[in-house]
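Dumped run.cif below, it's mmCIF, C-alpha atoms:
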```cif
data_work
#
loop_
_atom_site.label_atom_id
_atom_site.label_comp_id
_atom_site.auth_asym_id
_atom_site.auth_seq_id
_atom_site.Cartn_x
_atom_site.Cartn_y
_atom_site.Cartn_z
CA MET T 1 -6.00 -2.55 -2.55
CA PRO T 2 -6.29 -6.37 -2.29
CA ALA T 3 -6.86 -8.28 -5.51
CA PRO T 4 -10.40 -9.59 -5.92
CA ALA T 5 -10.64 -13.33 -5.27
CA PHE T 6 -12.06 -15.39 -8.13
CA THR T 7 -11.66 -19.12 -8.59
CA LYS T 8 -11.96 -21.26 -11.68
CA ALA T 9 -10.34 -24.37 -13.05
CA PRO T 10 -7.08 -23.49 -14.83
CA LEU T 11 -7.43 -22.47 -18.47
CA ARG T 12 -5.32 -24.35 -21.00
CA ILE T 13 -4.21 -22.15 -23.89
CA ASP T 14 -4.83 -24.32 -26.92
CA GLY T 15 -4.39 -21.82 -29.75
CA ALA T 16 -3.41 -18.31 -30.77
CA THR T 17 -3.53 -15.93 -33.73
CA LEU T 18 -0.93 -13.21 -34.16
CA ARG T 19 -1.75 -10.47 -36.64
CA LEU T 20 0.14 -7.40 -37.77
CA VAL T 21 -2.44 -4.66 -38.30
CA ARG T 22 -2.26 -1.26 -39.98
CA LEU T 23 -4.78 1.53 -39.38
CA PRO T 24 -4.35 4.94 -41.05
CA LEU T 25 -4.84 7.93 -38.74
CA VAL T 26 -7.54 10.48 -39.53
CA THR T 27 -4.95 13.26 -39.14
CA PRO T 28 -1.16 13.11 -38.61
CA PHE T 29 -0.13 13.12 -34.95
CA THR T 30 3.04 15.11 -34.22
CA ILE T 31 5.07 15.05 -31.00
CA ALA T 32 8.63 16.06 -30.15
CA THR T 33 10.07 12.83 -31.58
CA GLY T 34 8.26 12.83 -34.93
CA THR T 35 4.97 12.49 -36.81
CA MET T 36 2.73 9.43 -37.08
CA THR T 37 0.37 8.96 -40.04
CA GLU T 38 -0.67 5.38 -39.29
CA LYS T 39 -0.80 2.91 -36.42
CA VAL T 40 0.93 -0.43 -37.05
CA PHE T 41 0.65 -2.95 -34.21
CA PRO T 42 0.58 -6.63 -33.24
CA LEU T 43 -2.88 -7.95 -32.41
CA LEU T 44 -2.96 -11.17 -30.40
CA THR T 45 -5.83 -13.59 -29.84
CA LEU T 46 -5.47 -16.40 -27.29
CA ARG T 47 -7.94 -19.33 -27.18
CA ALA T 48 -9.04 -21.71 -24.44
CA ASP T 49 -12.22 -23.75 -23.94
CA GLY T 50 -13.81 -22.17 -26.99
CA ILE T 51 -13.24 -18.64 -25.64
CA GLU T 52 -11.05 -15.92 -27.17
CA GLY T 53 -9.09 -13.16 -25.45
CA HIS T 54 -7.59 -10.19 -27.30
CA ALA T 55 -4.85 -7.62 -26.74
CA GLU T 56 -2.63 -5.41 -28.84
CA GLY T 57 1.01 -4.42 -28.59
CA VAL T 58 1.79 -0.73 -28.10
CA MET T 59 5.39 -0.66 -29.33
CA ASP T 60 6.24 1.56 -32.32
CA PRO T 61 7.84 0.53 -35.62
CA LEU T 62 11.01 2.36 -34.59
CA PRO T 63 12.47 2.78 -31.06
CA ASP T 64 11.46 6.44 -30.73
CA TYR T 65 9.21 6.05 -27.66
CA LEU T 66 11.03 3.24 -25.88
CA GLU T 67 13.51 0.65 -27.07
CA GLU T 68 10.97 -1.96 -28.20
CA THR T 69 9.95 -2.17 -31.86
CA VAL T 70 7.12 -3.85 -33.72
CA ALA T 71 9.50 -6.12 -35.64
CA GLY T 72 11.31 -7.21 -32.50
CA ALA T 73 8.06 -7.84 -30.63
CA MET T 74 6.56 -9.88 -33.47
CA ASP T 75 9.69 -12.03 -33.55
CA LEU T 76 9.74 -12.51 -29.77
CA LEU T 77 6.05 -13.34 -29.66
CA GLU T 78 6.32 -15.85 -32.49
CA LYS T 79 9.50 -17.61 -31.43
CA VAL T 80 9.56 -17.35 -27.63
CA LEU T 81 6.53 -16.04 -25.75
CA LEU T 82 3.71 -17.86 -27.53
CA PRO T 83 5.53 -21.22 -27.61
CA GLN T 84 6.14 -20.77 -23.90
CA VAL T 85 2.43 -20.44 -23.02
CA LEU T 86 0.75 -22.63 -25.65
CA GLY T 87 -0.43 -25.92 -24.24
CA LYS T 88 0.03 -24.74 -20.65
CA SER T 89 -2.69 -24.17 -18.07
CA PHE T 90 -2.98 -21.08 -15.87
CA ALA T 91 -5.31 -20.56 -12.93
CA HIS T 92 -4.85 -16.78 -12.93
CA PRO T 93 -3.28 -14.15 -15.22
CA GLU T 94 -0.63 -13.40 -12.60
CA SER T 95 0.65 -16.97 -12.87
CA LEU T 96 1.13 -16.44 -16.60
CA ALA T 97 2.87 -13.11 -15.94
CA ARG T 98 5.30 -14.82 -13.57
CA LEU T 99 6.26 -17.29 -16.31
CA LEU T 100 7.44 -14.39 -18.50
CA VAL T 101 9.45 -12.60 -15.79
CA PRO T 102 12.86 -14.19 -16.61
CA TRP T 103 12.91 -12.49 -20.03
CA ARG T 104 14.54 -9.10 -19.54
CA ALA T 105 12.66 -5.93 -20.43
CA ASN T 106 10.43 -6.33 -23.54
CA HIS T 107 7.57 -5.27 -21.28
CA MET T 108 5.27 -4.38 -24.18
CA ALA T 109 5.63 -7.76 -25.87
CA LYS T 110 5.03 -9.58 -22.58
CA ALA T 111 2.05 -7.33 -21.84
CA THR T 112 0.45 -8.34 -25.14
CA VAL T 113 0.31 -11.97 -23.97
CA GLU T 114 -0.63 -11.17 -20.37
CA MET T 115 -3.44 -8.77 -21.34
CA ALA T 116 -4.94 -11.19 -23.85
CA PHE T 117 -5.07 -13.78 -21.07
CA TRP T 118 -6.76 -11.30 -18.69
CA ASP T 119 -9.49 -10.84 -21.31
CA LEU T 120 -9.74 -14.61 -21.82
CA TRP T 121 -9.84 -15.31 -18.07
CA ALA T 122 -12.47 -12.65 -17.35
CA LYS T 123 -14.64 -14.06 -20.14
CA SER T 124 -14.28 -17.55 -18.69
CA LEU T 125 -15.71 -16.15 -15.44
CA ASP T 126 -18.43 -14.29 -17.38
CA LEU T 127 -17.29 -11.07 -15.71
CA PRO T 128 -16.16 -7.67 -17.05
CA LEU T 129 -12.43 -7.04 -16.92
CA GLN T 130 -12.97 -4.11 -14.54
CA THR T 131 -14.56 -6.46 -12.01
CA VAL T 132 -11.66 -8.91 -11.91
CA LEU T 133 -9.20 -6.00 -11.74
CA GLY T 134 -11.09 -4.44 -8.82
CA GLY T 135 -12.55 -1.44 -10.59
CA GLU T 136 -16.01 0.10 -10.34
CA GLY T 137 -18.22 2.52 -12.23
CA ASP T 138 -19.97 2.87 -15.56
CA ALA T 139 -17.71 5.53 -17.10
CA VAL T 140 -14.35 7.27 -16.66
CA ASP T 141 -13.26 10.89 -17.08
CA VAL T 142 -11.49 11.55 -20.35
CA GLY T 143 -8.84 14.02 -21.44
CA VAL T 144 -7.48 14.67 -24.90
CA SER T 145 -3.93 14.87 -26.24
CA LEU T 146 -3.28 17.44 -28.96
CA GLY T 147 -0.27 17.00 -31.21
CA ILE T 148 2.11 19.76 -32.21
CA GLY T 149 0.79 22.18 -34.82
CA PRO T 150 0.37 25.90 -35.54
CA ILE T 151 -0.80 27.83 -32.48
CA ALA T 152 -3.89 29.23 -34.22
CA GLY T 153 -5.01 25.74 -35.18
CA THR T 154 -4.29 24.46 -31.69
CA LEU T 155 -6.52 27.14 -30.18
CA GLU T 156 -9.34 25.99 -32.44
CA ARG T 157 -8.81 22.38 -31.41
CA VAL T 158 -8.73 23.28 -27.71
CA ALA T 159 -12.02 25.16 -28.06
CA ALA T 160 -13.65 22.27 -29.93
CA HIS T 161 -12.60 19.66 -27.39
CA LEU T 162 -13.62 21.75 -24.39
CA GLN T 163 -17.01 22.22 -26.03
CA GLN T 164 -17.23 18.42 -26.38
CA GLY T 165 -16.72 18.14 -22.64
CA TYR T 166 -13.18 16.77 -22.40
CA ARG T 167 -11.97 17.15 -18.81
CA ARG T 168 -8.29 17.87 -19.53
CA ILE T 169 -6.34 19.26 -22.49
CA LYS T 170 -2.80 17.92 -22.95
CA LEU T 171 -0.54 19.94 -25.23
CA LYS T 172 2.49 18.35 -26.83
CA VAL T 173 5.49 20.67 -26.54
CA LYS T 174 9.11 20.86 -27.62
CA PRO T 175 11.86 23.52 -27.52
CA GLY T 176 10.64 26.50 -29.50
CA HIS T 177 7.02 25.38 -29.25
CA ASP T 178 6.25 25.76 -25.56
CA ILE T 179 5.99 29.13 -23.76
CA GLY T 180 4.36 30.95 -26.67
CA LEU T 181 1.84 28.13 -27.03
CA LEU T 182 1.02 28.20 -23.31
CA GLN T 183 0.63 31.97 -23.30
CA ALA T 184 -1.89 31.77 -26.13
CA VAL T 185 -3.88 28.84 -24.76
CA ARG T 186 -4.02 30.13 -21.19
CA ARG T 187 -5.03 33.60 -22.43
CA ASP T 188 -8.01 32.18 -24.31
CA PHE T 189 -8.90 29.41 -21.85
CA PRO T 190 -8.06 30.65 -18.34
CA GLU T 191 -10.12 27.98 -16.53
CA ALA T 192 -9.20 24.90 -18.58
CA HIS T 193 -7.35 21.99 -17.00
CA LEU T 194 -4.09 22.07 -18.98
CA THR T 195 -1.05 19.80 -19.00
CA VAL T 196 1.98 19.59 -21.25
CA ASP T 197 3.86 16.55 -22.50
CA ALA T 198 7.47 17.00 -23.60
CA ASN T 199 8.25 13.38 -24.55
CA CYS T 200 11.77 13.70 -23.10
CA CYS T 201 12.93 16.62 -25.24
CA TYR T 202 14.43 18.89 -22.53
CA THR T 203 17.47 18.59 -20.23
CA LEU T 204 18.37 20.04 -16.85
CA ALA T 205 20.09 22.85 -18.77
CA ASP T 206 16.55 23.95 -19.72
CA SER T 207 15.49 24.32 -16.07
CA ASP T 208 14.95 28.08 -16.32
CA LEU T 209 12.71 27.65 -19.35
CA ILE T 210 10.74 24.80 -17.73
CA ARG T 211 10.38 26.87 -14.56
CA ARG T 212 8.52 29.47 -16.64
CA MET T 213 5.79 26.87 -17.11
CA ASP T 214 4.95 27.37 -13.42
CA ASP T 215 3.19 30.58 -14.49
CA PHE T 216 0.43 28.78 -16.43
CA ALA T 217 -1.36 26.82 -13.68
CA LEU T 218 -0.68 23.45 -15.29
CA ASP T 219 -1.99 20.32 -13.62
CA TYR T 220 1.41 18.72 -14.30
CA ILE T 221 4.37 18.66 -16.69
CA GLU T 222 4.75 15.22 -18.25
CA GLN T 223 8.13 13.58 -18.89
CA PRO T 224 10.23 16.70 -19.57
CA LEU T 225 13.62 14.94 -19.31
CA ALA T 226 15.25 11.74 -20.58
CA TRP T 227 13.21 8.57 -20.95
CA ASP T 228 15.47 6.61 -18.57
CA ASP T 229 16.53 9.22 -16.00
CA ILE T 230 14.53 9.25 -12.76
CA HIS T 231 17.35 11.03 -10.88
CA ASP T 232 17.33 14.18 -13.02
CA HIS T 233 13.56 14.43 -12.74
CA ALA T 234 13.93 14.41 -8.94
CA THR T 235 16.42 17.27 -9.26
CA LEU T 236 14.11 19.20 -11.57
CA GLN T 237 11.06 18.72 -9.33
CA GLN T 238 12.85 20.56 -6.53
CA ARG T 239 13.11 23.58 -8.85
CA LEU T 240 9.41 23.62 -9.80
CA ARG T 241 6.06 24.30 -8.19
CA THR T 242 4.22 22.35 -10.87
CA PRO T 243 4.09 18.58 -10.31
CA ILE T 244 6.13 16.39 -12.64
CA CYS T 245 4.33 13.41 -14.16
CA LEU T 246 6.47 10.49 -15.34
CA ASP T 247 5.62 8.33 -18.34
CA GLU T 248 8.54 6.76 -20.21
CA CYS T 249 10.64 6.45 -17.04
CA ILE T 250 8.14 4.11 -15.36
CA ARG T 251 8.48 0.67 -16.95
CA THR T 252 8.42 -1.48 -13.79
CA VAL T 253 7.09 -1.42 -10.24
CA ASP T 254 10.63 -0.76 -9.02
CA HIS T 255 10.90 2.29 -11.27
CA ALA T 256 7.69 3.61 -9.73
CA ARG T 257 8.95 2.95 -6.20
CA LYS T 258 12.22 4.78 -6.84
CA ALA T 259 10.45 7.72 -8.44
CA LEU T 260 8.04 8.03 -5.52
CA GLN T 261 10.71 7.64 -2.86
CA THR T 262 12.87 10.38 -4.43
CA ASP T 263 9.99 12.76 -5.25
CA ALA T 264 10.74 12.48 -8.96
CA ALA T 265 7.03 12.06 -9.74
CA ARG T 266 4.03 13.64 -8.07
CA VAL T 267 1.77 12.14 -10.74
CA ILE T 268 2.30 8.91 -12.72
CA ASN T 269 0.95 8.02 -16.13
CA ILE T 270 0.24 4.27 -16.16
CA LYS T 271 0.28 2.76 -19.63
CA VAL T 272 -0.60 -0.87 -19.12
CA GLY T 273 1.41 -2.05 -22.14
CA ARG T 274 4.47 -0.05 -21.11
CA VAL T 275 4.65 -1.65 -17.65
CA GLY T 276 4.16 -5.27 -18.73
CA GLY T 277 0.43 -5.79 -18.30
CA HIS T 278 -2.45 -5.46 -15.87
CA ALA T 279 -0.77 -7.22 -12.94
CA ALA T 280 2.10 -4.72 -12.89
CA ALA T 281 -0.27 -1.81 -13.60
CA ARG T 282 -2.34 -2.76 -10.53
CA GLN T 283 0.79 -2.93 -8.38
CA ILE T 284 1.92 0.51 -9.54
CA HIS T 285 -1.59 1.85 -8.96
CA ASP T 286 -1.60 0.49 -5.40
CA LEU T 287 1.92 1.78 -4.70
CA CYS T 288 1.01 5.27 -5.87
CA GLN T 289 -2.14 5.16 -3.77
CA ALA T 290 -0.03 4.34 -0.71
CA PHE T 291 2.14 7.40 -1.47
CA GLN T 292 -1.01 9.51 -2.07
CA VAL T 293 0.15 10.16 -5.63
CA PRO T 294 -2.60 10.22 -8.27
CA VAL T 295 -2.39 8.24 -11.50
CA TRP T 296 -4.04 8.35 -14.90
CA CYS T 297 -4.13 6.04 -17.90
CA GLY T 298 -2.09 7.11 -20.90
CA GLY T 299 -2.79 6.09 -24.46
CA MET T 300 -0.68 4.94 -27.39
CA LEU T 301 -3.19 5.61 -30.19
CA GLU T 302 -4.64 2.15 -29.60
CA SER T 303 -7.37 0.53 -31.61
CA GLY T 304 -10.60 -0.41 -29.86
CA VAL T 305 -8.96 -3.50 -28.35
CA GLY T 306 -6.25 -1.61 -26.46
CA ARG T 307 -8.61 1.29 -25.76
CA ALA T 308 -11.09 -1.08 -24.09
CA HIS T 309 -8.32 -2.54 -21.88
CA ASN T 310 -7.37 1.02 -20.88
CA ILE T 311 -10.94 2.00 -20.04
CA HIS T 312 -11.44 -1.00 -17.76
CA LEU T 313 -8.12 -0.36 -15.98
CA SER T 314 -9.09 3.29 -15.47
CA THR T 315 -11.99 2.27 -13.21
CA LEU T 316 -9.57 1.47 -10.35
CA PRO T 317 -9.95 4.04 -7.53
CA ASN T 318 -6.63 5.91 -7.76
CA PHE T 319 -7.14 6.83 -11.42
CA THR T 320 -8.30 10.26 -10.30
CA LYS T 321 -7.02 12.30 -13.25
CA PRO T 322 -8.58 12.12 -16.73
CA GLY T 323 -6.89 9.60 -19.03
CA ASP T 324 -6.09 9.43 -22.74
CA THR T 325 -9.14 7.31 -23.55
CA ALA T 326 -10.67 9.75 -26.03
CA SER T 327 -13.15 8.77 -28.74
CA ALA T 328 -11.75 6.27 -31.24
CA SER T 329 -13.17 8.37 -34.08
CA ARG T 330 -10.60 11.08 -33.29
CA TYR T 331 -7.95 8.73 -34.60
CA PHE T 332 -9.50 6.20 -36.99
CA THR T 333 -12.14 6.48 -39.71
CA ARG T 334 -13.11 2.91 -38.85
CA ASP T 335 -12.04 0.79 -35.91
CA ILE T 336 -11.38 -2.96 -35.82
CA VAL T 337 -14.05 -3.56 -33.16
CA CYS T 338 -17.80 -3.61 -33.68
CA GLU T 339 -18.63 -1.47 -30.66
CA LYS T 340 -18.32 2.32 -30.80
CA LEU T 341 -15.97 3.67 -28.13
CA GLU T 342 -17.07 7.30 -28.00
CA THR T 343 -17.07 9.85 -25.19
CA GLU T 344 -20.26 11.38 -23.86
CA GLY T 345 -19.85 14.76 -22.17
CA GLY T 346 -16.20 14.16 -21.29
CA ARG T 347 -16.87 10.64 -19.96
CA MET T 348 -16.06 7.33 -21.67
CA PRO T 349 -18.57 4.56 -20.95
CA VAL T 350 -17.06 1.27 -19.83
CA PRO T 351 -17.76 -1.40 -22.48
CA LYS T 352 -20.39 -3.82 -21.24
CA GLY T 353 -20.17 -7.59 -21.18
CA PRO T 354 -17.55 -10.17 -20.24
CA GLY T 355 -13.85 -9.39 -20.59
CA ILE T 356 -12.98 -6.14 -22.35
CA GLY T 357 -16.51 -5.91 -23.74
CA VAL T 358 -15.64 -5.45 -27.42
CA THR T 359 -15.68 -7.87 -30.35
CA LEU T 360 -13.51 -7.93 -33.45
CA ASP T 361 -14.97 -6.65 -36.71
CA LEU T 362 -13.50 -9.56 -38.64
CA ASP T 363 -14.48 -8.30 -42.09
CA TYR T 364 -12.77 -4.95 -41.66
CA LEU T 365 -9.89 -6.50 -39.72
CA ALA T 366 -9.14 -8.71 -42.73
CA THR T 367 -8.62 -5.60 -44.87
CA ALA T 368 -6.34 -4.00 -42.24
CA THR T 369 -4.20 -7.09 -41.58
CA LEU T 370 -0.70 -7.10 -43.07
CA SER T 371 0.18 -10.62 -41.88
CA GLN T 372 -1.34 -13.42 -39.84
CA GLN T 373 0.08 -16.47 -38.06
CA ASP T 374 -1.98 -19.19 -36.40
CA PHE T 375 -0.63 -21.36 -33.59
CA ARG T 376 -1.93 -24.57 -32.03
CA ALA T 377 -0.85 -26.29 -28.86
#
```

Translate this file's structure into structure tokens.
Amino acid sequence: MPAPAFTKAPLRIDGATLRLVRLPLVTPFTIATGTMTEKVFPLLTLRADGIEGHAEGVMDPLPDYLEETVAGAMDLLEKVLLPQVLGKSFAHPESLARLLVPWRANHMAKATVEMAFWDLWAKSLDLPLQTVLGGEGDAVDVGVSLGIGPIAGTLERVAAHLQQGYRRIKLKVKPGHDIGLLQAVRRDFPEAHLTVDANCCYTLADSDLIRRMDDFALDYIEQPLAWDDIHDHATLQQRLRTPICLDECIRTVDHARKALQTDAARVINIKVGRVGGHAAARQIHDLCQAFQVPVWCGGMLESGVGRAHNIHLSTLPNFTKPGDTASASRYFTRDIVCEKLETEGGRMPVPKGPGIGVTLDLDYLATATLSQQDFRA
């Protein structure tokens, strides 16, 4: 789809604030690679013409999702990326994104800067982020991701979330916690839209076991094999009826192209921070649309800032599967934004107003901030 055309005088970035924020989780979240009890993340504010734009980094403290870490991103943002954009003028977020291209990988750190500028730029136009991205609609379908736990407790959580109207249930799995879980959930909920997410914990040697998942009418199997191996996923897909959805493997537009060309992915999870920002996310969305491959928006336990970015992105037309934009209250007792991001009947309303449509709760944010650095051009 062509990018919407909006014109405005270039915005000069004249200041920034980089915070390190910690939010405790309501309940521990367990996946194949470990258990999270808190969310620690960079929160970036960019300033221009008296306007502020916000974004958060989605890297983890340790390289257990991808290779980026919070410490490395904070250092890169402070010493390289922010000095590179401060004092410079940009007519469009894509021009800022191009400035960061020469730095290899570090897509999440670069996305933090690019996404904050998208929010800033949309606010300067007095338009919602979804409008400048090319999205439409007042709400998006929402699924829920359930961490690993005892099967009996998982059945209770599935029932509760289906009753709340969630449109898709994603079950985290790992070797030894997979087929038995699926048997129990599918027995009790024969009509539910189910998916599984393996977070890279299987290999091709497990093909026979993964093939057994074909029996449970899953919408897709997410990232069963290694985080950096598109080729093996293409091999595995030929052995399965169930579509494979790629997450960790897709960090660039080229990764998406190669996965689509080789039939390694029949669904793609677009995490805007993972792929370097909204410009790249739009390109991947459009590429998947050309291949008639559906996409959905994955989550990284974001605060309201990142969650709002995800919701706006999810209004693009090829986001046809429910995303991980569940209610913020599932994860945090209190969020760092003033607006409540809560689902209604399995739909998440798009935040209203310019940019991402949420504002920082500065009083609570001060209590959740571990460090803060201010920058001026």

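Residues of protein, DNA and RNA with at least one atom no farther than 9 Å from (6.3, -7.0, -24.8) are, using all atoms listed in the file, Gly57, Val58, Met59, Glu68, Ala73, Leu76, Leu77, Ala105, Asn106, His107, Met108, Ala109, Lys110, Ala111, Thr112, Val113, Gly273, Arg274, Gly276 and Gly277 of chain T.
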
- Item | Distance criterion (all atoms listed in the file): nearest to Pro24 (chain T) out of T:Lys170, T:Lys39, T:His278, T:His92 |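 Residue with the minimum atom-to-atom distance to Pro24 (chain T): T:Lys39.
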
Evaluate the PyMOL selection byres ((chain T and resi 42) around 12) here and jot the selected residues down as a PyMOL selection string. chain T and resi 17-23+39-41+43-45+54-61+69-78+108-113+116+302-303+305-306+368-373

Using only C-alpha atoms, please write the residues we just selected to a file, as an mmCIF file, keeping the file's coordinate frame.
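Done, and the output landed in out-v2.cif:
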```cif
data_model
loop_
_atom_site.group_PDB
_atom_site.id
_atom_site.type_symbol
_atom_site.label_atom_id
_atom_site.label_comp_id
_atom_site.auth_asym_id
_atom_site.auth_seq_id
_atom_site.Cartn_x
_atom_site.Cartn_y
_atom_site.Cartn_z
ATOM 1 C CA THR T 17 -3.530 -15.930 -33.730
ATOM 2 C CA LEU T 18 -0.930 -13.210 -34.160
ATOM 3 C CA ARG T 19 -1.750 -10.470 -36.640
ATOM 4 C CA LEU T 20 0.140 -7.400 -37.770
ATOM 5 C CA VAL T 21 -2.440 -4.660 -38.300
ATOM 6 C CA ARG T 22 -2.260 -1.260 -39.980
ATOM 7 C CA LEU T 23 -4.780 1.530 -39.380
ATOM 8 C CA LYS T 39 -0.800 2.910 -36.420
ATOM 9 C CA VAL T 40 0.930 -0.430 -37.050
ATOM 10 C CA PHE T 41 0.650 -2.950 -34.210
ATOM 11 C CA LEU T 43 -2.880 -7.950 -32.410
ATOM 12 C CA LEU T 44 -2.960 -11.170 -30.400
ATOM 13 C CA THR T 45 -5.830 -13.590 -29.840
ATOM 14 C CA HIS T 54 -7.590 -10.190 -27.300
ATOM 15 C CA ALA T 55 -4.850 -7.620 -26.740
ATOM 16 C CA GLU T 56 -2.630 -5.410 -28.840
ATOM 17 C CA GLY T 57 1.010 -4.420 -28.590
ATOM 18 C CA VAL T 58 1.790 -0.730 -28.100
ATOM 19 C CA MET T 59 5.390 -0.660 -29.330
ATOM 20 C CA ASP T 60 6.240 1.560 -32.320
ATOM 21 C CA PRO T 61 7.840 0.530 -35.620
ATOM 22 C CA THR T 69 9.950 -2.170 -31.860
ATOM 23 C CA VAL T 70 7.120 -3.850 -33.720
ATOM 24 C CA ALA T 71 9.500 -6.120 -35.640
ATOM 25 C CA GLY T 72 11.310 -7.210 -32.500
ATOM 26 C CA ALA T 73 8.060 -7.840 -30.630
ATOM 27 C CA MET T 74 6.560 -9.880 -33.470
ATOM 28 C CA ASP T 75 9.690 -12.030 -33.550
ATOM 29 C CA LEU T 76 9.740 -12.510 -29.770
ATOM 30 C CA LEU T 77 6.050 -13.340 -29.660
ATOM 31 C CA GLU T 78 6.320 -15.850 -32.490
ATOM 32 C CA MET T 108 5.270 -4.380 -24.180
ATOM 33 C CA ALA T 109 5.630 -7.760 -25.870
ATOM 34 C CA LYS T 110 5.030 -9.580 -22.580
ATOM 35 C CA ALA T 111 2.050 -7.330 -21.840
ATOM 36 C CA THR T 112 0.450 -8.340 -25.140
ATOM 37 C CA VAL T 113 0.310 -11.970 -23.970
ATOM 38 C CA ALA T 116 -4.940 -11.190 -23.850
ATOM 39 C CA GLU T 302 -4.640 2.150 -29.600
ATOM 40 C CA SER T 303 -7.370 0.530 -31.610
ATOM 41 C CA VAL T 305 -8.960 -3.500 -28.350
ATOM 42 C CA GLY T 306 -6.250 -1.610 -26.460
ATOM 43 C CA ALA T 368 -6.340 -4.000 -42.240
ATOM 44 C CA THR T 369 -4.200 -7.090 -41.580
ATOM 45 C CA LEU T 370 -0.700 -7.100 -43.070
ATOM 46 C CA SER T 371 0.180 -10.620 -41.880
ATOM 47 C CA GLN T 372 -1.340 -13.420 -39.840
ATOM 48 C CA GLN T 373 0.080 -16.470 -38.060
#
```

For each of T:Cys249, T:Ala280, T:Cys201, T:Ile356, take the minimum atom-to-atom distance to Gly53 (chain T), counting all atoms listed in the file, then give the residue where this is smallest.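 The closest residue to Gly53 (chain T) is T:Ile356.
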
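For Val253 (chain T), the list of residues within 12 Å, based on all atoms listed in the file and with local chain neighbours fewer than 6 positions off taken out, reads His107, Ala259, Leu260, Ile268, Ile270, Val272, Arg274, Val275, Gly276, Gly277, His278, Ala279, Ala280, Ala281, Arg282, Gln283, Ile284, His285, Asp286, Leu287 and Cys288 of chain T.
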
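The coordinates place CA of Ala160 (chain T) at 16.2 Å from CA of Ala328 (chain T).
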
Residues matched by the PyMOL selection byres ((chain T and resi 139-142) around 10), written as a PyMOL selection string: chain T and resi 136-138+143-144+165-169+296-297+311-316+319-327+343-351

(Q) Quick check on the file I pasted: which residues fall under the PyMOL selection byres ((chain T and resi 294) around 6)? Write them as an MDAnalysis selection string. (A) chainID T and resid 267 293 295 318

Would you compute the box with edges along x, y and z of the file around region 136-144 of chain T, including every atom the file lists for it and 6 Å extra on each side, and give its centre and edge lengths in Å to one decimal, as AutoDock Vina command-line options?
```
--center_x -13.7 --center_y 7.4 --center_z -17.6 --size_x 24.5 --size_y 26.6 --size_z 26.6
```

Show me, as number ranges by chain, the residues that have an atom within 12 Å of Ala205 (chain T) when counting all atoms listed in the file, minus same-chain residues fewer than 6 positions from it. T: 211, 224-225, 232, 235-236

key: T:Val337, T:Glu67, T:Ile13, T:Glu52 ranked by distance to Gln84 (chain T), top pick (using all atoms listed in the file)   =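 Closest residue, counting all atoms listed in the file: T:Ile13.
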
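Nearest-residue note for Tyr220 (chain T): choosing from T:Thr242, T:Ser145, T:Asn310, T:Gln289, the minimum distance belongs to T:Thr242, counting only C-alpha atoms.
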
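In this model, the gap between CA of Ser95 (chain T) and CA of Pro317 (chain T) comes to 24.1 Å.
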
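The interatomic distance for the pair CA of Thr195 (chain T) and CA of Ile221 (chain T) works out to 6.0 Å.
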
Q) Looking at all atoms listed in the file, which of T:Arg212, T:Arg251, T:Arg47, T:His161 is the one that sits closest to Leu182 (chain T)? A)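 Counting all atoms listed in the file, the residue closest to Leu182 (chain T) is T:Arg212.
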